[in-house]
Amino acid sequence: MNLLVALQIGIREIASHKFRSFLSMLGIVLGVSSLISTLALTTGIERGTRAFMQQVGGLEYVNVVNKEISNAKFEFWNLSPGRTLRDAVAIKASAPLVSHVSAELAFGAVVSAAGHSDRKQVRGVFPDHFVVARHEIQAGRFLTDLDVERGLRSAVIGNEIANLLWPDLQAEKIVGRQIRINDRPFEVVGVLPKYERDEDKRRREAGKAPASGRRAGRWDAFRGKNESILIPYSTMFFDFRAGAFPTDSMDSVRLDSLTLRIRDLEEFRPALEQVRAALDLTHRGVDDFDLETREEWFDRMESSIRATRLSGGLIATISLVVGGIGIMNIMLASISERVREIGIRLAVGARGQDIFVQIIVESVSIAFIGGLIGVLAAVGLIEILKLLAPNENAPIMTLEGIFFSVGFAILAGFLSGIYPALRAARLNPISALRYE
Amino acid sequence: MSLVHLEGVSKIYQVGDQEIRALDTVDLRIEEGEFVSIIGPSGSGKSTLMHLLGCLDAPTSGQMEICGHDLSKASQNRLAEVRNREIGFVFQAFNLLAKLDVVHNIELPLVYAGLSSAERRIRAEKVAREVGLGDRLANRPVQLSGGQCQRVAIARALVNNPRLVFADEPTGNLDSATGEMILQMFRDLNAAGKTIVLVTHDPDIAAVSRRVIEIRDGKIRREYAP
């Protein structure tokens with residue numbers, strides 16, 4: 001007997017007991033839909049987190065931070081000049097595994113243009129900053145070495161600032177206009193794009209209000225980037241920072257931020273060693289700095305994703321097992337109801353294995369149909385989830401998730417069919433025929 | 001060569017610690033083209049004999065050869081194979097599948113013979129016409145009379161073109177006129193060359209055959225031609 005015939009018989013059997021078959025499918029339906037939803041949820045979180053990790057600079061991003069000097073070296077504290085531009089130069093010169101170094105000075109200033117004005121943080125940066133902070137450009141250009149060398153009054157502004165100052169103008173029209181920073185005129189040479197989460201982008205493209213952002217009272221990881229006002233490092237120093245301490249020079253002024261980018265993740269550790277060696281020299285052996293990497297932070301994110309996936313998967317697996325038991329129950333009932341039919345089939349020449357295959361096909365069919373209904377239910381469930389809890393990371397249903405879940409349901413159907421099928425296949429034709 | 005050849009065949013059932021000798025060293029030969037009746041009261045062992053001859057069961061001891069296959073120690077699968085190719089059954093209670101229409105009931109043995117659905121249908125329809133059910137192909141058994149049901153069963157028994165046809169009290173559930181008609185069908189089949197074994201408790205029914213084997217207490221008590 002071929003599988004097609006077994007399938008026909010199985011489908012007819014399922015169709016002739018619609019309600020009972022549906023009840024036995026219910027466990028599988030719930031199992032598959034919860035498995036798909038869990039996978040979709042974690043996929044959504046995972047994608048969102050990955051995108052976020054990329055946007056904030058990825059694993060290659062390293063932050064050089066100030067640190068309390070250890071007690072052993074405390075008395076040498078004044079030997080170290082702290083984080084200065086010399087650090088950046090030293091890293092560039094002697095840490096070839098580092099690709100970009102960004103030294104920054106920050107300054108709170110009144111920024112005004114076109115009748116609007118607000119107090120904002122302005123940062124003096126080098127061209128490397130645009131690489132280290134993963135900036136893109138929407139209109140105009142980034143700052144260049146020339147801007148820094150000449151100390152030009154050029155500014156690159158974030159999308160949020162552009163909107164604040166010129167709410168009606170497009171980015172292209174803003175390039176070339178003037179802004180005043182503490183009353184000094186600067187030319188806007190570039191406008192940065194709006195950085196946002198994939199979810200917000202999709203919503204915006206669909207014409208809906210953003211699901212997150214300040215309106216929803218949530219922390220916006222991209223707020224800092226969107227509110228950037230970037231001017232050349234030299235301009236910053238001479239216009240706003242020089243003269244605070246008479247001995248300060250561009251090289252010796254303490255930096256507000258020193259960040260860098262590792263060239264190749266394969267050589268992450270050696271690169272950190274190179275940076276440390278360079279900084280040990282410039283800081284004269286005083287351990288007043290530390291290298292902050294994202295490894296641990298990212299690892300924590302990854303492991304929490306894994307934990308979510310595992311626990312959700314476990315719950316879904318349990319409901320699939322329960323679904324399988326439901327199918328087994330129904331198959332056993334169905335067999336004891338059909339002993340005579342099986343007897344007749346045996347009498348006309350069916351072998352035990354034909355009966356076995358037939359019962360297995362039937363139980364797999366129930367699981368498969370239940371799985372398909374489960375996929376549909378999952379689509380609905382995910383929509384409801386989105387409505388109830390508009391997460392920053394929308395669930396994403398993947399084809400792999402669907403195949404995996406339905407495949408798992410089929411496996412559950414197969415396994416739970418084995419015992420009933422064995423019982424049916426072992427029936428003796430004579431007693432089965434006599435069965436009333 | 002004989003279609004059925006039993007030599008010293010016994011069938012012993014173990015019920016609890018009690019041994020029940022349903023068949024006791026039976027010797028029997030049935031030749032191709034015969035019309036044989038097996039009679040005996042209930043409990044005589046005639047059903048057991050039919051089950052052995054019909055390849056539903058293997059003997060406990062002795063030599064059994066059916067249609068040239070040595071089945072003395074056959075496995076269930078081997079029995080099923082021979083049953084499928086060489087044997088047709090007609091039962092007292094018809095034993096049709098209520099869920100299937102006439103043509104699907106008839107083609108059931110062909111499903112397990114591995115024929116394609118087109119071929120099954122052609123053969124089933126041909127046999128259905130031969131038993132006079134050409135116009136009831138799409139009916140379910142519940143829509144048929146007892147006589148029609150038994151004709152479906154006969155068609156099913158014939159569809160795989162078996163060399164041996166067994167009928168177990170085929171008229172037991174029918175009124176006498178219909179029963180007579182069914183018996184006539186067996187006679188016609190035999191006249192056309194089929195070997196038929198009729199199992200009954202009623203000597204009058206057995207009288208339609210040309211050789212009667214009487215079973216008592218698991219042994220062949222006598223043989224006669226009515």
# chains A, B, ... in the order shown; residues from 1 in each chain; ligands from 1
>>> select_by_dssp(residues="segment 22-202 of chain B", states="helix (DSSP H, G or I)", output="PyMOL selection string")
chain B and resi 46-53+76-86+102-106+108-113+117-130+141-143+146-158+176-191
>>> closest_atom_pairs(of="chain A", to="chain B", cutoff="6 Å", atoms="only C-alpha atoms", output="JSON lines")
{"residue": "A:Met1", "atom": "CA", "partner": "B:Tyr112", "partner_atom": "CA", "distance": 5.0}
{"residue": "A:Val348", "atom": "CA", "partner": "B:Pro109", "partner_atom": "CA", "distance": 5.1}
{"residue": "A:Gly349", "atom": "CA", "partner": "B:Asn84", "partner_atom": "CA", "distance": 4.0}
{"residue": "A:Ala350", "atom": "CA", "partner": "B:Tyr112", "partner_atom": "CA", "distance": 5.5}
{"residue": "A:Arg351", "atom": "CA", "partner": "B:Asn77", "partner_atom": "CA", "distance": 5.6}
>>> residues_around(residues="segment 11-17 of chain B", least_positions_apart="5", cutoff="10 Å", atoms="only C-alpha atoms", output="JSON, numbers by chain")
{"B": [22, 23, 24, 25, 26, 45, 48, 49, 52, 57, 58, 59, 60, 61, 62, 218]}
>>> residues_around(residues="segment 359-369 of chain A", least_positions_apart="2", cutoff="6 Å", atoms="only C-alpha atoms", output="VMD selection string")
chain A and resid 10 356 to 357 371 to 372 409 to 410 413 to 414 417 421
>>> write_last_selection(atoms="N, CA and C atoms", output="compact mmCIF listing (two decimals), in the first residue's frame")
# COMPACT_ATOMS: atom_id res chain seq x y z
N GLY A 10 -6.56 8.36 5.75
CA GLY A 10 -6.39 9.16 6.96
C GLY A 10 -7.22 10.43 6.92
N PHE A 356 -0.01 -0.27 10.28
CA PHE A 356 0.89 0.61 11.04
C PHE A 356 1.05 1.95 10.31
N VAL A 357 1.39 1.84 9.02
CA VAL A 357 1.61 3.06 8.23
C VAL A 357 0.34 3.91 8.22
N GLY A 371 -0.85 21.84 13.07
CA GLY A 371 0.27 22.75 12.92
C GLY A 371 -0.07 23.91 12.01
N LEU A 372 -0.76 23.61 10.90
CA LEU A 372 -1.14 24.68 9.96
C LEU A 372 -2.10 25.66 10.63
N ALA A 409 5.79 19.79 15.33
CA ALA A 409 4.44 19.24 15.51
C ALA A 409 4.32 17.90 14.80
N ILE A 410 4.89 17.83 13.58
CA ILE A 410 4.83 16.58 12.82
C ILE A 410 5.55 15.48 13.59
N GLY A 413 3.38 14.33 16.30
CA GLY A 413 2.34 13.46 15.75
C GLY A 413 2.88 12.08 15.45
N PHE A 414 4.09 12.04 14.89
CA PHE A 414 4.70 10.77 14.53
C PHE A 414 4.95 9.93 15.78
N GLY A 417 1.94 8.65 17.40
CA GLY A 417 1.22 7.65 16.61
C GLY A 417 1.81 6.25 16.73
N ALA A 421 -0.30 2.80 16.63
CA ALA A 421 -0.09 2.09 15.37
C ALA A 421 0.41 0.68 15.61
>>> residues_around(residues="Ile325 of chain A", least_positions_apart="5", cutoff="9 Å", atoms="only C-alpha atoms", output="PyMOL selection string")
chain A and resi 24+27+320+330+412-413+416
>>> write_last_selection(atoms="C-alpha atoms", output="PDB file, in the first residue's frame")
ATOM      1  CA  SER A  24      -7.253  16.362  19.408  1.00  0.00           C
ATOM      2  CA  GLY A  27      -2.945  20.913  21.868  1.00  0.00           C
ATOM      3  CA  LEU A 320       3.448  20.210  21.996  1.00  0.00           C
ATOM      4  CA  ILE A 330      -7.668   9.970  20.245  1.00  0.00           C
ATOM      5  CA  ALA A 412       5.081  14.978  17.941  1.00  0.00           C
ATOM      6  CA  GLY A 413       2.337  13.463  15.753  1.00  0.00           C
ATOM      7  CA  SER A 416       2.472   9.779  19.511  1.00  0.00           C
TER       8      SER A 416
END
>>> residues_around(residues="Asp87 of chain A", least_positions_apart="4", cutoff="10 Å", atoms="only C-alpha atoms", output="count of residues only")
20
>>> residues_around(residues="Arg211 of chain B", least_positions_apart="3", cutoff="8 Å", atoms="only C-alpha atoms", output="list in words")
Glu34, Phe35, Val36, Ser37, Glu223, Tyr224, Ala225 and Pro226 of chain B
>>> closest_residue(among="A:Ile384, A:Leu165, A:Leu422, A:Leu427", to="Met328 of chain A", atoms="only C-alpha atoms")
A:Leu422
>>> atom_distance(atom1="atom CA of Ser99 of chain A", atom2="atom CA of Leu152 of chain A")
25.4 Å
>>> closest_residue(among="A:Leu85, A:Leu30, A:Ile402, A:Ala139", to="Ile318 of chain A", atoms="only C-alpha atoms")
A:Leu30
